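> This is the structure I want to talk about, given as structure tokens.
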Amino acid sequence: MSQLVRKAIRSNEFYVFLVIAAVCLLIQARSGQFFTANNLVDLANAMVVPGLFAIGAFLVIVSGGIDVSFPALASLAVYAVTRLLVDSHYQGGILLPFALVIGLGAVLGAFNGLFTSRLTVPSLIITLGTANVFSGVMQGALSSVQIPKIPPAMADFGRGSLFVATNPVSGLTSSMPVSFLILLAVLAAVFFLLRYTMFGRGVFAIGGDGSAAARAGFSVRWTKFWLYVIVGVIAAVAGLIRTCGMGQMHPTNLLGMEMMVIAAVVLGGTAITGGTGSLTGVMLGTLLIVIVENSMILLGIPTFWQQFSLGLLIIVGTGISALQIARSGNGLRAALR
Amino acid sequence: MKGDAVQTTLLRPGPLRALARDTHLTRLLVMLLVLIIFFAIVKTDGFFNLLTWQSMAIQFPEFGLMALGVMLTMVTAGIDLSVVGVANMASIGAAVVMLSMAPKGADPATATGAIAVAICLALAIGATAGALNGFLVAKVRIPPILATLGSFELYTGIAILITGGKPKSGLPNLYGQVFAGKLFGLIPVPLIVFAVAAVLIWLLMTKTAFGTKIYMLGTNATAARFSGLNTTSLLVRTYMISGIYASLAGLVMLANYNSAKADYGSTYTLLAVLIVVLGGVNPNGGSGRLIGVVLAILILQILSSGLNMFPNISNFYRPLIWGGVLLAVITANHLSGRRSHRRIAKRKGLPQ
Amino acid sequence: MVENVLAVRGVSKSFAGVQALSDINLDIRPGEIHCLAGENGSGKSTLIKVISGVHDPDEGSIEINGVPHTRLTPVEAIAAGVQVIYQDFSVFPNLTVMENLALNTELASKRKLVNWRRFRRIAEQAVAKIDFSVDLDQLVGRLSVADKQLVAISRALMSDAKLIIMDEPTTALTKKEVDALFRIILDLKARGIATLFVSHKLEEVFEISERFTIIRNGRAVATCLPEELNRKTFTQYMTGRDFEDAHFQVGELPAQPVLEARGLTVNGAFSDVSFSLRPGEILGITGLLGSGRTELAMTLFGAYRKDAGELLVKGSPVQFAGIRGAIASGIGYVPEDRLTEGLFLERTIADNVVIAQIDQLVVGGLFDRTRKGTSAAEWVRDLKIATPDPENAANTLSGGNQQRIVLAKWLATKPDILILNGPTVGVDIGSKHDIHEILRELARAGIAVIIISDDIPEVIQNCSRVLLMKAGRITDEVDPATVTEHQLAELMTGESDQEGERR
């Protein structure tokens, strides 16, 4: 057991955890409001959509690529479905919207997968192209506008809560959304996929050495293709949750999130070059960013400081990680100029 | 040696070799010509209207200048995602200076002085921001995509802090008159700025030792160090140039919009990367030519403006077309690359 | 009659009119240890690829265990019991040893789910076969090169191999690790598994091979027993040429040393290294992998910071500000791994040649391309670099010619001291001799040369003095004229408890 503990302590994830703990304590000290039930529920609520995106981004990064198209993919998938349902005056349950969104997410993910699995161009570039295509289809072909009234099933889902937490001091209430369960479910499913299926090990293998993976017998093309399909589904689900949670469909709300999500994944210890990383780290990284973004108010810092702090966090976080890597090469390399 | 004989006969000697080998550039050129001809035929009145070209010439320098900076960083196998943040920071800085030194109603002399100082400040901001990027990449050794991602947020954050999120306007009219004006009433000044900047970067890349050095650095950073190149200085200078060009873009935006805001040009980041890649620059470093990037800028701008000429097709189709063009070009490259690889592999006897 | 495990019969293969293999005959008996020796470009890689099914022969057939094949696929070759271990081992550095061992088998059995206990069992069985004790949960990327190779071998053995082909297996191994590898090969033999290994290192080859096949220009020119060969005949078969094995004789040397090391120490690599070097000398520094010789070279070149001791160039103490400082002091360094450390493969030959002194070619702020062209052409001519055009990319050249480019780059800086680390690794014998001749000429012209190498014949023939390094210290200095190859080898591998420090 102690060897396991020792390994855990030396891992990147542990450091992120320490940082999170430090930040939490700091905020608690300043405001006394951090560890309140309703704040914690708020944080959980805020984690759902970025967390889902981060899981998807993580899958791609581990395989050695980078995907910047997921917000556009999600927006397009959810917009199209919402538009369709609203135009046909849909009054039914929540299952159909989910099914449609998952289906469309899969199709769009397949579009990504088609190019990334066959072209040797870096996936950053390919998904840059597909992001523009998705965005263009949504805003151009579908002439996306804000949809203020979404089908009742979706709105109800967004309002649905598992429980309500009340802040004893301020009387503020926060409800834990049902969608948090979806985050947990996806987390569990992806964990199983990565750890207990050959497909999952293939993702890691490809991220480690693509040609060795091919020689070992992995079907690299097939794996990459289905990987992007899965990521498309996860992203679309995240988009649906955001729309339901907001109670209305705002087509451009998610656009621009890609960099923040990638930062979250990297801060959690995943190497940008691929092959390593853990879901624990991804969640911790997302948590860190969510805490920093959401706790400005508790610290009495005006929201103007948000992006500045985010930038500082990313630079310091990746900087420390980079210096660690440089130092961890055998002692001689440290002497290298 | 036998091996040598096989390999070296693959390359045709002669000056045409470069052009023939660079099918990507040829493809871009053809695409540009096709576009021009298409619009000339289909939208004749718009095409032969000076205003059309002038408005294009005002707009593309904004992202074109940024693309030039990104191109330089990509040649070193890096990338600069912070260009928009730097541009906004620089334009806001310039605006603040102009507003404080030459408030509404100031005389032309004061205004000129204020503008001069403002421009210097903007360029200095760009250089400093770029130097910070270079430091993070070269000394702290953060992967460029992450370093410039962080610095983008940082610079945008600074811009938000200074402006409180609101636009800064009320600039002296002289600024807009000069920098959004037209030389000889004909040539928009932003175009001139871009042209000069492009020529300067072309000179830098092709005629100076610095240019050759960064190509070598982008090809093999380890060998570069072992050959005595000062990689830290090269990288810092590269990112500084990118920062300066971004601040130039900010000044152009300031003139075009007559105001500065922290979130202007938010789509330009990925657009700049798209342009550079479309222009044939390899993100893995070591290759890429300015002319390719310029062609890409022209193609995208013409597509965009061409779109404007079809009022029944929404402007929102723009990203779709751009994304489609990018995917089409890289797919075409891949397919033709495979064909020529198969040809070469057959000759070398390698597995296909 | 004992059936051969592998019989190559009359195999020919050509690519676009270039004949890579002509009428090759090769047979390997069960359990035999067979060495395939040949120069770069001799066709040995092609032969391996034909045997393992990557290429189809134009003529002839491959018989594996008596079953003839004319069109063999890699999968069929593996199924028939032929496994190839390439130089890069094809392992996943980011995965554990256990996974690396188990993945191929699991994939072959078309499994979809992962059972970690089954993985572990498979892995344990695999390493038990060669008695390899390793932490199965360790990431392969953290293992030493030798251990990575053992992982590759264990993996190869899992599929009931009858013949293991190893491509230059000893390149990155210390002497101890080479011994361990040879023990494993012998163990394989005892179990009836044959080994075909490709090597050009004569000493090793003699030690373990039962038979040799020497291949030159696509033909098998000799198949013989070790007794029938010595260095001279071996080289003759490999190159078809006779080479003069003349020792380098140093002339009158100036008294003032150009380089002096006093008590140089880099913690963890070497300590208390002292020597002096005079212009016109060729100093050899030899030692096994891990003896600190590479780190010493890097310190002399300013890449490593010294922890103690002094370095004097032309009588004055220097504290290099990195590599650029060393270059400014007149030191050049031809690195061990030219592909990653010395060359810009996609760039032109001319670019590669001028890059170290590029600032000298600047006129009025602009880079003078005509001067670059002239300079490059001169060097191509002087060093006889085989290319029709210096504007061709460097990756169009063979290993020997690429090494000449690296040499040219440094000679263009007119160094006073030239350090070469493994100057003829992966270089054909013809280029090897030419490079040695170039070095001797440099010495005669007054440049001080340091050759760091574990190629004993190279060191003995070309150096005027040889220093031996072992476990970070200089243990001996010998005069190559008075010592035999065998004696030098003995000195190198003698008793030491800190031996074989891994990379």
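Each chain in the structure tokens gets a letter, A, B, ..., in the order shown, and its residues are numbered from 1; ligands are numbered from 1 in order too.
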Show me, as a JSON list (two decimals) with N, CA and C atoms, in the first residue's frame, the residues that have an atom within 10 Å of Ala126 (chain C) when counting only C-alpha atoms, minus same-chain residues fewer than 6 positions from it.


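File out.json, as written:
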[["chain", "number", "residue", "atom", "x", "y", "z"],
["C", 98, "MET", "N", 4.64, -4.28, -18.76],
["C", 98, "MET", "CA", 3.58, -5.29, -18.84],
["C", 98, "MET", "C", 2.73, -5.09, -20.08],
["C", 101, "LEU", "N", 4.45, -5.84, -23.37],
["C", 101, "LEU", "CA", 4.61, -7.26, -23.64],
["C", 101, "LEU", "C", 3.29, -7.89, -24.04],
["C", 102, "ALA", "N", 2.23, -7.45, -23.40],
["C", 102, "ALA", "CA", 0.97, -8.16, -23.59],
["C", 102, "ALA", "C", 0.16, -7.69, -24.79],
["C", 120, "ARG", "N", -0.79, -9.35, -16.92],
["C", 120, "ARG", "CA", 0.34, -9.57, -16.04],
["C", 120, "ARG", "C", 0.87, -10.99, -16.22],
["C", 132, "PHE", "N", 14.56, -12.39, -17.46],
["C", 132, "PHE", "CA", 14.74, -10.95, -17.43],
["C", 132, "PHE", "C", 13.98, -10.42, -16.23],
["C", 151, "VAL", "N", 13.00, -6.03, -23.51],
["C", 151, "VAL", "CA", 11.55, -6.05, -23.62],
["C", 151, "VAL", "C", 11.16, -6.45, -25.04],
["C", 153, "ILE", "N", 12.90, -8.18, -27.12],
["C", 153, "ILE", "CA", 13.23, -9.60, -27.34],
["C", 153, "ILE", "C", 12.19, -10.49, -26.67],
["C", 154, "SER", "N", 11.84, -10.16, -25.44],
["C", 154, "SER", "CA", 10.82, -10.96, -24.75],
["C", 154, "SER", "C", 9.55, -11.00, -25.55],
["C", 155, "ARG", "N", 9.20, -9.83, -26.10],
["C", 155, "ARG", "CA", 7.98, -9.77, -26.87],
["C", 155, "ARG", "C", 8.09, -10.63, -28.12],
["C", 156, "ALA", "N", 9.27, -10.59, -28.73],
["C", 156, "ALA", "CA", 9.46, -11.37, -29.95],
["C", 156, "ALA", "C", 9.35, -12.87, -29.67],
["C", 157, "LEU", "N", 9.80, -13.27, -28.49],
["C", 157, "LEU", "CA", 9.80, -14.69, -28.19],
["C", 157, "LEU", "C", 8.41, -15.22, -27.88],
["C", 158, "MET", "N", 7.48, -14.33, -27.63],
["C", 158, "MET", "CA", 6.18, -14.79, -27.21],
["C", 158, "MET", "C", 5.42, -15.51, -28.30],
["C", 159, "SER", "N", 5.83, -15.27, -29.54],
["C", 159, "SER", "CA", 5.02, -15.85, -30.60],
["C", 159, "SER", "C", 5.65, -17.12, -31.16]]

> Please return, as a PyMOL selection string, all residues of region 11-237 of chain C that DSSP assigns to alpha helix (DSSP H) on the basis of the backbone.

chain C and resi 44-51+74-80+97-108+116-129+145-157+175-190+202-208+231-237

> Within 8 Å of chain A, which residues of chain B show up when using only C-alpha atoms, listed as a VMD selection string?

chain B and resid 136 140 to 142 146 to 147 149 to 158 160 to 161 164 to 165 270 274 277 283 314 to 324 326 to 327 330 to 331 334

> I need the residues from that last selection saved to file as a compact mmCIF listing (two decimals), in the first residue's frame (with N, CA and C atoms), if you can.


# COMPACT_ATOMS: atom_id res chain seq x y z
N LEU B 136 9.07 32.90 -22.35
CA LEU B 136 8.38 31.70 -21.86
C LEU B 136 8.70 30.49 -22.73
N VAL B 140 11.79 29.31 -20.26
CA VAL B 140 11.01 28.46 -19.36
C VAL B 140 10.63 27.17 -20.07
N ARG B 141 10.69 27.20 -21.41
CA ARG B 141 10.45 26.02 -22.22
C ARG B 141 9.02 25.49 -22.10
N ILE B 142 8.09 26.41 -22.04
CA ILE B 142 6.68 26.02 -22.12
C ILE B 142 6.35 25.81 -23.59
N LEU B 146 0.81 26.47 -25.50
CA LEU B 146 0.31 26.74 -24.17
C LEU B 146 0.77 28.10 -23.67
N ALA B 147 2.02 28.45 -23.94
CA ALA B 147 2.55 29.73 -23.47
C ALA B 147 1.75 30.88 -24.06
N LEU B 149 -1.18 30.74 -25.40
CA LEU B 149 -2.57 30.64 -24.95
C LEU B 149 -2.71 31.38 -23.63
N GLY B 150 -1.80 31.11 -22.71
CA GLY B 150 -1.83 31.79 -21.42
C GLY B 150 -1.61 33.27 -21.58
N SER B 151 -0.64 33.64 -22.40
CA SER B 151 -0.37 35.07 -22.52
C SER B 151 -1.52 35.79 -23.23
N PHE B 152 -2.22 35.09 -24.12
CA PHE B 152 -3.39 35.69 -24.75
C PHE B 152 -4.41 36.10 -23.70
N GLU B 153 -4.69 35.17 -22.78
CA GLU B 153 -5.63 35.48 -21.72
C GLU B 153 -5.09 36.62 -20.85
N LEU B 154 -3.81 36.57 -20.60
CA LEU B 154 -3.18 37.59 -19.77
C LEU B 154 -3.32 38.97 -20.41
N TYR B 155 -2.96 39.07 -21.69
CA TYR B 155 -2.99 40.36 -22.36
C TYR B 155 -4.42 40.86 -22.51
N THR B 156 -5.32 39.94 -22.85
CA THR B 156 -6.73 40.34 -22.93
C THR B 156 -7.22 40.80 -21.57
N GLY B 157 -6.78 40.09 -20.54
CA GLY B 157 -7.14 40.48 -19.19
C GLY B 157 -6.66 41.87 -18.85
N ILE B 158 -5.42 42.16 -19.23
CA ILE B 158 -4.88 43.50 -18.99
C ILE B 158 -5.72 44.54 -19.73
N ILE B 160 -8.82 44.31 -20.54
CA ILE B 160 -10.10 44.48 -19.85
C ILE B 160 -9.94 45.34 -18.60
N LEU B 161 -8.85 45.12 -17.88
CA LEU B 161 -8.63 45.89 -16.67
C LEU B 161 -8.51 47.38 -16.97
N GLY B 164 -12.02 48.51 -18.45
CA GLY B 164 -13.25 48.15 -17.77
C GLY B 164 -14.23 47.48 -18.72
N GLY B 165 -13.70 46.94 -19.82
CA GLY B 165 -14.57 46.23 -20.75
C GLY B 165 -15.26 47.14 -21.75
N LEU B 270 -7.71 32.36 -34.71
CA LEU B 270 -7.75 31.13 -35.50
C LEU B 270 -7.68 31.44 -36.98
N LEU B 274 -5.18 29.81 -39.63
CA LEU B 274 -5.70 29.21 -40.84
C LEU B 274 -4.98 29.74 -42.07
N VAL B 277 -1.41 28.35 -42.33
CA VAL B 277 -1.37 26.95 -42.76
C VAL B 277 -1.81 26.81 -44.21
N PRO B 283 3.37 23.50 -39.67
CA PRO B 283 3.38 23.77 -38.23
C PRO B 283 4.53 23.10 -37.50
N SER B 314 -25.83 34.79 -46.79
CA SER B 314 -25.48 35.47 -45.55
C SER B 314 -23.97 35.52 -45.33
N ASN B 315 -23.54 36.59 -44.67
CA ASN B 315 -22.13 36.73 -44.31
C ASN B 315 -21.64 35.61 -43.42
N PHE B 316 -22.58 35.01 -42.75
CA PHE B 316 -22.18 33.97 -41.81
C PHE B 316 -21.64 32.73 -42.50
N TYR B 317 -21.82 32.72 -43.80
CA TYR B 317 -21.24 31.58 -44.53
C TYR B 317 -19.73 31.68 -44.61
N ARG B 318 -19.22 32.86 -44.26
CA ARG B 318 -17.78 33.07 -44.40
C ARG B 318 -16.95 31.97 -43.74
N PRO B 319 -17.16 31.71 -42.44
CA PRO B 319 -16.32 30.68 -41.83
C PRO B 319 -16.49 29.33 -42.50
N LEU B 320 -17.68 29.07 -43.00
CA LEU B 320 -17.90 27.81 -43.68
C LEU B 320 -17.01 27.72 -44.91
N ILE B 321 -16.96 28.80 -45.66
CA ILE B 321 -16.15 28.80 -46.88
C ILE B 321 -14.68 28.71 -46.52
N TRP B 322 -14.27 29.47 -45.54
CA TRP B 322 -12.86 29.43 -45.16
C TRP B 322 -12.46 28.03 -44.69
N GLY B 323 -13.30 27.50 -43.80
CA GLY B 323 -13.00 26.16 -43.29
C GLY B 323 -12.99 25.16 -44.43
N GLY B 324 -13.97 25.31 -45.33
CA GLY B 324 -14.03 24.39 -46.46
C GLY B 324 -12.80 24.49 -47.34
N LEU B 326 -9.81 25.46 -46.46
CA LEU B 326 -8.67 24.85 -45.76
C LEU B 326 -8.70 23.34 -45.89
N LEU B 327 -9.86 22.76 -45.59
CA LEU B 327 -9.95 21.30 -45.67
C LEU B 327 -9.69 20.82 -47.09
N ILE B 330 -5.84 21.07 -47.84
CA ILE B 330 -4.98 20.06 -47.20
C ILE B 330 -5.29 18.66 -47.71
N THR B 331 -6.57 18.42 -48.06
CA THR B 331 -6.89 17.12 -48.64
C THR B 331 -6.22 16.97 -50.00
N HIS B 334 -2.66 16.25 -49.54
CA HIS B 334 -2.46 14.88 -49.07
C HIS B 334 -2.55 13.91 -50.23

> Per residue of chain C within 8 Å of chain B, note the shortest atom pair and the distance in Å to one decimal, counting only C-alpha atoms, and order the rows by chain and increasing residue number, as a tab-separated table.


residue	atom	partner	partner_atom	distance
C:Ser14	CA	B:Gly349	CA	7.7
C:Phe15	CA	B:Gly349	CA	4.8
C:Ala16	CA	B:Arg347	CA	4.8
C:Val18	CA	B:Val6	CA	7.4
C:Gly41	CA	B:Gly3	CA	5.8
C:Val54	CA	B:Pro351	CA	7.4
C:His55	CA	B:Pro351	CA	7.5
C:Ile323	CA	B:Gly228	CA	5.9
C:Arg324	CA	B:Gly228	CA	4.9
C:Ile327	CA	B:Gly228	CA	6.8
C:Thr340	CA	B:Ala223	CA	6.3
C:Glu341	CA	B:Ala223	CA	4.3
C:Gly342	CA	B:Ala223	CA	4.9
C:Leu343	CA	B:Ala223	CA	6.0
C:Phe344	CA	B:Asn220	CA	5.9
C:Leu345	CA	B:Thr219	CA	7.8
C:Glu346	CA	B:Thr219	CA	7.1
C:Arg347	CA	B:Met216	CA	7.4
C:Ile355	CA	B:Ser227	CA	7.0
C:Ala356	CA	B:Ser227	CA	5.2
C:Ile358	CA	B:Ala209	CA	6.7
C:Asp359	CA	B:Ala209	CA	6.8
C:Val362	CA	B:Ala209	CA	6.9
C:Gly365	CA	B:Thr208	CA	6.8
C:Leu366	CA	B:Thr208	CA	4.7
C:Phe367	CA	B:Thr208	CA	4.6
C:Asp368	CA	B:Lys207	CA	7.8
C:Ala386	CA	B:Asp4	CA	7.5
C:Thr387	CA	B:Thr8	CA	7.1
C:Pro388	CA	B:Thr8	CA	7.4
C:Asp389	CA	B:Pro13	CA	7.7
C:Asn392	CA	B:Leu11	CA	7.5
C:Thr396	CA	B:Gln7	CA	5.7
C:Leu397	CA	B:Asp4	CA	5.9
C:Ser398	CA	B:Asp4	CA	6.2

> Find the spatial neighbours of Val380 (chain C), counting only C-alpha atoms, within a cut-off of 12 Å - ignore same-chain residues fewer than 4 positions away - and output them as an NGL selection string.

:C and (349-350 or 352-354 or 373-376 or 384-392 or 401-409 or 411-412)

> Please report as a ChimeraX atom specification which residues of chain C come no farther than 10 Å from chain A, using only C-alpha atoms.

/C:74-75,88-95,99-100,103-108,110-116,141,266-269,295,298-299,302-307,321-323,503

> Taking into account only C-alpha atoms, which residue in the set A:Ile27, A:Met176, A:Leu288, A:Ala189 is nearest to Val41 (chain A)?

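That would be A:Met176, the residue with the smallest distance to Val41 (chain A).
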
> Rank C:Asp351, C:Glu59, C:Asp27, C:Asp476 by their smallest atom-to-atom distance to Thr286 (chain C), using only C-alpha atoms, and report the top residue only.

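Selected residue with least distance to Thr286 (chain C): C:Asp476.
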
> Just to confirm, what's the straight-line distance from CA of Phe182 (chain C) to CA of Ile214 (chain C) in Å (one decimal)?

20.5 Å
